[in-house]
Amino acid sequence: MDLIRTFYSELALTPQELTAITEKHEAITVKKGDFILTKGQVSNAYYLIEYGLTRSFLHDYEGNEVTIGFCSDNDVVIEVASFFQRNPTVENIQALTETRLWKIKFEDFQELFHQIPEFREWGRSWMAKELVHSKNRAIAMITEPATARYLRLIKEKPILIQQAPLKHIASYLGITDTSLSRIRKEIVHGN
């Protein structure tokens with residue numbers, strides 16, 4: 001419950017509103033390797049991560065897994081298109097470590113969204129921030145070399161370097177495992 005209070009702490013909520021929000025979240029623990037969402041399901045919840053690491057991935061036209069995102073402590077795990085449009089997802093979301101989550105169901109989110117203006121504002125603000133992040137990532141994938149993208153990932157999400165398999169990191173960066181190994185060696189040796 002402390003995570004929930006901390007997560008929404010920037011909102012000007014009344015104690016009653018904070019209690020209403022807190023009561024809509026359910027704690028769950030997911031084991032390493034378990035799926036939170038699989039292709040073809042409709043996303044009926046989003047999650048706040050207390051601890052752990054997840055990855056979002058899909059399959060390309062040749063059937064290869066492509067990692068499109070990671071979430072770790074204090075992040076929101078959500079498949080936005082499926083959650084809001086109520087369509088089956090093309091993504092999978094999997095726990096890479098044991099992960100403690102605070103789940104909020106779609107119906108509860110809708111109720112809070114319509115009843116608490118500050119909660120609605122939080123949702124709008126969070127979506128705007130995520131849109132900017134996605135846009136910047138797309139631009140970086142086109143305009144920056146892989147080494148720069150890897151160095152930024154180390155700076156922004158050091159937990160990935162410690163806990164995510166290198167094949168998932170390479171996929172996320174849009175490079176091969178071999179290229180990532182070469183980049184890592186160059187960084188270590190200062191080339």
# chains A, B, ... in the order shown; residues from 1 in each chain; ligands from 1
>>> residues_around(residues="Ile154 in chain A", least_positions_apart="4", cutoff="12 Å", atoms="only C-alpha atoms", output="compact mmCIF listing (two decimals) with all heavy atoms, in the first residue's frame")
# COMPACT_ATOMS: atom_id res chain seq x y z
N THR A 147 25.57 2.00 -30.11
CA THR A 147 26.37 2.24 -28.90
C THR A 147 25.76 3.37 -28.07
O THR A 147 25.65 3.25 -26.84
CB THR A 147 27.83 2.59 -29.27
OG1 THR A 147 28.39 1.49 -30.00
CG2 THR A 147 28.67 2.84 -28.03
N ALA A 148 25.31 4.43 -28.71
CA ALA A 148 24.69 5.54 -27.98
C ALA A 148 23.39 5.09 -27.33
O ALA A 148 23.10 5.47 -26.19
CB ALA A 148 24.44 6.71 -28.93
N ARG A 149 22.61 4.28 -28.04
CA ARG A 149 21.35 3.78 -27.47
C ARG A 149 21.63 2.89 -26.27
O ARG A 149 20.93 2.95 -25.25
CB ARG A 149 20.54 3.02 -28.53
CG ARG A 149 20.09 3.90 -29.66
CD ARG A 149 19.05 3.25 -30.55
NE ARG A 149 19.35 1.94 -31.05
CZ ARG A 149 19.94 1.66 -32.21
NH1 ARG A 149 20.32 2.63 -33.01
NH2 ARG A 149 20.14 0.42 -32.58
N TYR A 150 22.68 2.06 -26.35
CA TYR A 150 23.04 1.18 -25.24
C TYR A 150 23.51 2.00 -24.03
O TYR A 150 23.10 1.73 -22.90
CB TYR A 150 24.12 0.19 -25.67
CG TYR A 150 24.57 -0.74 -24.57
CD1 TYR A 150 23.72 -1.71 -24.06
CD2 TYR A 150 25.85 -0.64 -24.04
CE1 TYR A 150 24.12 -2.57 -23.05
CE2 TYR A 150 26.26 -1.49 -23.02
CZ TYR A 150 25.39 -2.45 -22.54
OH TYR A 150 25.80 -3.29 -21.53
N PRO A 158 19.59 1.04 -15.33
CA PRO A 158 20.71 0.14 -15.01
C PRO A 158 20.26 -1.26 -14.57
O PRO A 158 20.99 -2.22 -14.75
CB PRO A 158 21.44 0.88 -13.89
CG PRO A 158 20.49 1.90 -13.37
CD PRO A 158 19.56 2.23 -14.50
N ILE A 159 19.05 -1.37 -14.05
CA ILE A 159 18.55 -2.68 -13.63
C ILE A 159 18.50 -3.66 -14.80
O ILE A 159 18.69 -4.87 -14.63
CB ILE A 159 17.17 -2.56 -12.94
CG1 ILE A 159 16.80 -3.88 -12.28
CG2 ILE A 159 16.10 -2.13 -13.93
CD1 ILE A 159 15.55 -3.81 -11.40
N LEU A 160 18.28 -3.15 -16.01
CA LEU A 160 18.22 -4.04 -17.18
C LEU A 160 19.55 -4.72 -17.42
O LEU A 160 19.61 -5.91 -17.71
CB LEU A 160 17.83 -3.24 -18.43
CG LEU A 160 16.46 -2.63 -18.46
CD1 LEU A 160 16.22 -1.94 -19.78
CD2 LEU A 160 15.39 -3.68 -18.21
N ILE A 161 20.62 -3.96 -17.27
CA ILE A 161 21.94 -4.50 -17.51
C ILE A 161 22.25 -5.59 -16.47
O ILE A 161 22.92 -6.57 -16.76
CB ILE A 161 23.00 -3.38 -17.47
CG1 ILE A 161 22.60 -2.22 -18.39
CG2 ILE A 161 24.38 -3.91 -17.81
CD1 ILE A 161 22.20 -2.61 -19.80
N GLN A 162 21.71 -5.44 -15.27
CA GLN A 162 21.96 -6.39 -14.19
C GLN A 162 21.06 -7.62 -14.28
O GLN A 162 21.47 -8.71 -13.91
CB GLN A 162 21.73 -5.71 -12.83
CG GLN A 162 22.63 -4.53 -12.58
CD GLN A 162 22.10 -3.62 -11.48
OE1 GLN A 162 21.06 -3.87 -10.88
NE2 GLN A 162 22.81 -2.53 -11.23
N GLN A 163 19.80 -7.46 -14.77
CA GLN A 163 18.84 -8.55 -14.62
C GLN A 163 18.25 -9.10 -15.93
O GLN A 163 17.73 -10.20 -15.93
CB GLN A 163 17.70 -8.11 -13.70
CG GLN A 163 18.17 -7.82 -12.31
CD GLN A 163 17.01 -7.50 -11.36
OE1 GLN A 163 15.87 -7.37 -11.75
NE2 GLN A 163 17.32 -7.37 -10.09
N ALA A 164 18.28 -8.33 -17.00
CA ALA A 164 17.66 -8.80 -18.24
C ALA A 164 18.67 -9.61 -19.07
O ALA A 164 19.84 -9.23 -19.15
CB ALA A 164 17.15 -7.63 -19.06
N ILE A 169 17.91 -7.46 -24.34
CA ILE A 169 18.45 -6.10 -24.45
C ILE A 169 18.82 -5.82 -25.90
O ILE A 169 18.48 -4.76 -26.45
CB ILE A 169 19.66 -5.91 -23.52
CG1 ILE A 169 19.21 -6.02 -22.05
CG2 ILE A 169 20.34 -4.56 -23.78
CD1 ILE A 169 20.36 -6.06 -21.05
N LEU A 173 17.24 -2.98 -28.45
CA LEU A 173 18.08 -1.98 -29.10
C LEU A 173 18.06 -2.10 -30.62
O LEU A 173 18.63 -1.26 -31.33
CB LEU A 173 19.53 -2.10 -28.60
CG LEU A 173 19.75 -1.74 -27.14
CD1 LEU A 173 21.17 -2.10 -26.71
CD2 LEU A 173 19.45 -0.26 -26.88
N ARG A 184 29.68 -3.95 -25.99
CA ARG A 184 30.06 -4.06 -24.57
C ARG A 184 31.57 -4.17 -24.42
O ARG A 184 32.16 -3.56 -23.54
CB ARG A 184 29.35 -5.25 -23.93
CG ARG A 184 27.85 -5.01 -23.77
CD ARG A 184 27.08 -6.29 -23.45
NE ARG A 184 27.61 -7.04 -22.35
CZ ARG A 184 27.17 -6.97 -21.08
NH1 ARG A 184 26.19 -6.16 -20.78
NH2 ARG A 184 27.72 -7.72 -20.15
N ILE A 187 33.19 -0.77 -25.04
CA ILE A 187 32.99 0.14 -23.90
C ILE A 187 33.97 -0.20 -22.78
O ILE A 187 34.61 0.68 -22.21
CB ILE A 187 31.54 0.09 -23.41
CG1 ILE A 187 30.63 0.74 -24.45
CG2 ILE A 187 31.39 0.79 -22.05
CD1 ILE A 187 29.14 0.54 -24.20
>>> residues_around(residues="Phe109 in chain A", least_positions_apart="2", cutoff="9 Å", atoms="only C-alpha atoms", output="NGL selection string")
:A and (21 or 24 or 45-46 or 104-107 or 111-114)
>>> select_by_dssp(residues="chain A", states="helix (DSSP H, G or I)", output="ChimeraX atom specification")
/A:2-7,15-23,80-85,106-115,117-143,146-156,158-163,166-173,177-189
>>> residues_around(residues="range 86-90 of chain A", least_positions_apart="6", cutoff="9 Å", atoms="only C-alpha atoms", output="PDB file with all heavy atoms, in the first residue's frame")
ATOM      1  N   LEU A  37       0.297 -10.886 -19.575  1.00  0.00           N
ATOM      2  CA  LEU A  37      -0.617 -10.712 -20.701  1.00  0.00           C
ATOM      3  C   LEU A  37      -0.044 -11.480 -21.885  1.00  0.00           C
ATOM      4  O   LEU A  37       1.170 -11.473 -22.080  1.00  0.00           O
ATOM      5  CB  LEU A  37      -0.744  -9.220 -21.045  1.00  0.00           C
ATOM      6  CG  LEU A  37      -1.738  -8.823 -22.124  1.00  0.00           C
ATOM      7  CD1 LEU A  37      -3.179  -9.038 -21.623  1.00  0.00           C
ATOM      8  CD2 LEU A  37      -1.546  -7.355 -22.521  1.00  0.00           C
ATOM      9  N   THR A  38      -0.908 -12.138 -22.640  1.00  0.00           N
ATOM     10  CA  THR A  38      -0.447 -12.856 -23.827  1.00  0.00           C
ATOM     11  C   THR A  38      -1.227 -12.418 -25.058  1.00  0.00           C
ATOM     12  O   THR A  38      -2.373 -11.960 -24.966  1.00  0.00           O
ATOM     13  CB  THR A  38      -0.581 -14.389 -23.671  1.00  0.00           C
ATOM     14  OG1 THR A  38      -1.933 -14.713 -23.374  1.00  0.00           O
ATOM     15  CG2 THR A  38       0.329 -14.916 -22.578  1.00  0.00           C
ATOM     16  N   LYS A  39      -0.581 -12.561 -26.195  1.00  0.00           N
ATOM     17  CA  LYS A  39      -1.180 -12.196 -27.475  1.00  0.00           C
ATOM     18  C   LYS A  39      -2.583 -12.804 -27.574  1.00  0.00           C
ATOM     19  O   LYS A  39      -2.794 -13.966 -27.242  1.00  0.00           O
ATOM     20  CB  LYS A  39      -0.300 -12.703 -28.621  1.00  0.00           C
ATOM     21  CG  LYS A  39      -0.845 -12.376 -29.987  1.00  0.00           C
ATOM     22  CD  LYS A  39       0.033 -12.921 -31.078  1.00  0.00           C
ATOM     23  CE  LYS A  39      -0.603 -12.633 -32.434  1.00  0.00           C
ATOM     24  NZ  LYS A  39       0.219 -13.132 -33.532  1.00  0.00           N
ATOM     25  N   GLY A  40      -3.530 -11.987 -28.032  1.00  0.00           N
ATOM     26  CA  GLY A  40      -4.899 -12.443 -28.213  1.00  0.00           C
ATOM     27  C   GLY A  40      -5.828 -12.115 -27.053  1.00  0.00           C
ATOM     28  O   GLY A  40      -7.044 -12.122 -27.211  1.00  0.00           O
ATOM     29  N   GLN A  41      -5.261 -11.816 -25.888  1.00  0.00           N
ATOM     30  CA  GLN A  41      -6.091 -11.423 -24.740  1.00  0.00           C
ATOM     31  C   GLN A  41      -6.432  -9.932 -24.831  1.00  0.00           C
ATOM     32  O   GLN A  41      -5.702  -9.159 -25.451  1.00  0.00           O
ATOM     33  CB  GLN A  41      -5.343 -11.638 -23.422  1.00  0.00           C
ATOM     34  CG  GLN A  41      -5.111 -13.064 -23.029  1.00  0.00           C
ATOM     35  CD  GLN A  41      -4.381 -13.147 -21.693  1.00  0.00           C
ATOM     36  OE1 GLN A  41      -3.466 -12.375 -21.412  1.00  0.00           O
ATOM     37  NE2 GLN A  41      -4.790 -14.094 -20.866  1.00  0.00           N
ATOM     38  N   VAL A  42      -7.519  -9.559 -24.180  1.00  0.00           N
ATOM     39  CA  VAL A  42      -7.821  -8.141 -23.996  1.00  0.00           C
ATOM     40  C   VAL A  42      -7.252  -7.760 -22.637  1.00  0.00           C
ATOM     41  O   VAL A  42      -7.471  -8.458 -21.640  1.00  0.00           O
ATOM     42  CB  VAL A  42      -9.343  -7.882 -24.043  1.00  0.00           C
ATOM     43  CG1 VAL A  42      -9.650  -6.432 -23.682  1.00  0.00           C
ATOM     44  CG2 VAL A  42      -9.901  -8.221 -25.425  1.00  0.00           C
ATOM     45  N   SER A  43      -6.502  -6.664 -22.591  1.00  0.00           N
ATOM     46  CA  SER A  43      -5.906  -6.205 -21.341  1.00  0.00           C
ATOM     47  C   SER A  43      -6.997  -5.642 -20.439  1.00  0.00           C
ATOM     48  O   SER A  43      -7.601  -4.620 -20.753  1.00  0.00           O
ATOM     49  CB  SER A  43      -4.850  -5.135 -21.623  1.00  0.00           C
ATOM     50  OG  SER A  43      -4.326  -4.653 -20.425  1.00  0.00           O
ATOM     51  N   ASN A  44      -7.233  -6.306 -19.321  1.00  0.00           N
ATOM     52  CA  ASN A  44      -8.288  -5.904 -18.399  1.00  0.00           C
ATOM     53  C   ASN A  44      -7.763  -5.247 -17.132  1.00  0.00           C
ATOM     54  O   ASN A  44      -8.511  -5.067 -16.177  1.00  0.00           O
ATOM     55  CB  ASN A  44      -9.153  -7.110 -18.034  1.00  0.00           C
ATOM     56  CG  ASN A  44     -10.006  -7.542 -19.210  1.00  0.00           C
ATOM     57  OD1 ASN A  44     -10.613  -6.718 -19.872  1.00  0.00           O
ATOM     58  ND2 ASN A  44     -10.020  -8.830 -19.487  1.00  0.00           N
ATOM     59  N   PHE A  57       6.929  -7.902 -25.437  1.00  0.00           N
ATOM     60  CA  PHE A  57       7.485  -8.336 -26.716  1.00  0.00           C
ATOM     61  C   PHE A  57       6.371  -8.795 -27.640  1.00  0.00           C
ATOM     62  O   PHE A  57       5.249  -9.067 -27.216  1.00  0.00           O
ATOM     63  CB  PHE A  57       8.541  -9.432 -26.521  1.00  0.00           C
ATOM     64  CG  PHE A  57       7.997 -10.765 -26.077  1.00  0.00           C
ATOM     65  CD1 PHE A  57       7.726 -11.771 -26.996  1.00  0.00           C
ATOM     66  CD2 PHE A  57       7.775 -11.037 -24.729  1.00  0.00           C
ATOM     67  CE1 PHE A  57       7.234 -13.005 -26.587  1.00  0.00           C
ATOM     68  CE2 PHE A  57       7.285 -12.263 -24.310  1.00  0.00           C
ATOM     69  CZ  PHE A  57       7.014 -13.256 -25.242  1.00  0.00           C
ATOM     70  N   LEU A  58       6.720  -8.840 -28.914  1.00  0.00           N
ATOM     71  CA  LEU A  58       5.825  -9.385 -29.920  1.00  0.00           C
ATOM     72  C   LEU A  58       6.655 -10.189 -30.899  1.00  0.00           C
ATOM     73  O   LEU A  58       7.869 -10.314 -30.732  1.00  0.00           O
ATOM     74  CB  LEU A  58       5.012  -8.270 -30.590  1.00  0.00           C
ATOM     75  CG  LEU A  58       5.721  -6.995 -31.029  1.00  0.00           C
ATOM     76  CD1 LEU A  58       6.480  -7.169 -32.318  1.00  0.00           C
ATOM     77  CD2 LEU A  58       4.716  -5.882 -31.159  1.00  0.00           C
ATOM     78  N   HIS A  59       5.993 -10.738 -31.877  1.00  0.00           N
ATOM     79  CA  HIS A  59       6.693 -11.537 -32.886  1.00  0.00           C
ATOM     80  C   HIS A  59       6.658 -10.803 -34.221  1.00  0.00           C
ATOM     81  O   HIS A  59       5.614 -10.284 -34.611  1.00  0.00           O
ATOM     82  CB  HIS A  59       6.059 -12.922 -33.012  1.00  0.00           C
ATOM     83  CG  HIS A  59       6.252 -13.756 -31.793  1.00  0.00           C
ATOM     84  ND1 HIS A  59       5.377 -13.749 -30.724  1.00  0.00           N
ATOM     85  CD2 HIS A  59       7.252 -14.603 -31.441  1.00  0.00           C
ATOM     86  CE1 HIS A  59       5.811 -14.563 -29.787  1.00  0.00           C
ATOM     87  NE2 HIS A  59       6.949 -15.083 -30.190  1.00  0.00           N
ATOM     88  N   GLU A  79      -0.602  -2.393 -21.418  1.00  0.00           N
ATOM     89  CA  GLU A  79      -0.646  -2.483 -22.879  1.00  0.00           C
ATOM     90  C   GLU A  79      -1.738  -1.500 -23.282  1.00  0.00           C
ATOM     91  O   GLU A  79      -2.922  -1.802 -23.246  1.00  0.00           O
ATOM     92  CB  GLU A  79      -0.953  -3.908 -23.319  1.00  0.00           C
ATOM     93  CG  GLU A  79      -0.493  -4.219 -24.738  1.00  0.00           C
ATOM     94  CD  GLU A  79      -1.337  -3.605 -25.838  1.00  0.00           C
ATOM     95  OE1 GLU A  79      -1.169  -2.394 -26.126  1.00  0.00           O
ATOM     96  OE2 GLU A  79      -2.152  -4.308 -26.412  1.00  0.00           O
TER      97      GLU A  79
END
>>> select_by_dssp(residues="range 3-172 of chain A", states="strand (DSSP E)", output="PyMOL selection string")
chain A and resi 25-30+35-37+45-51+53-59+65-72+76-77+92-95+99-105
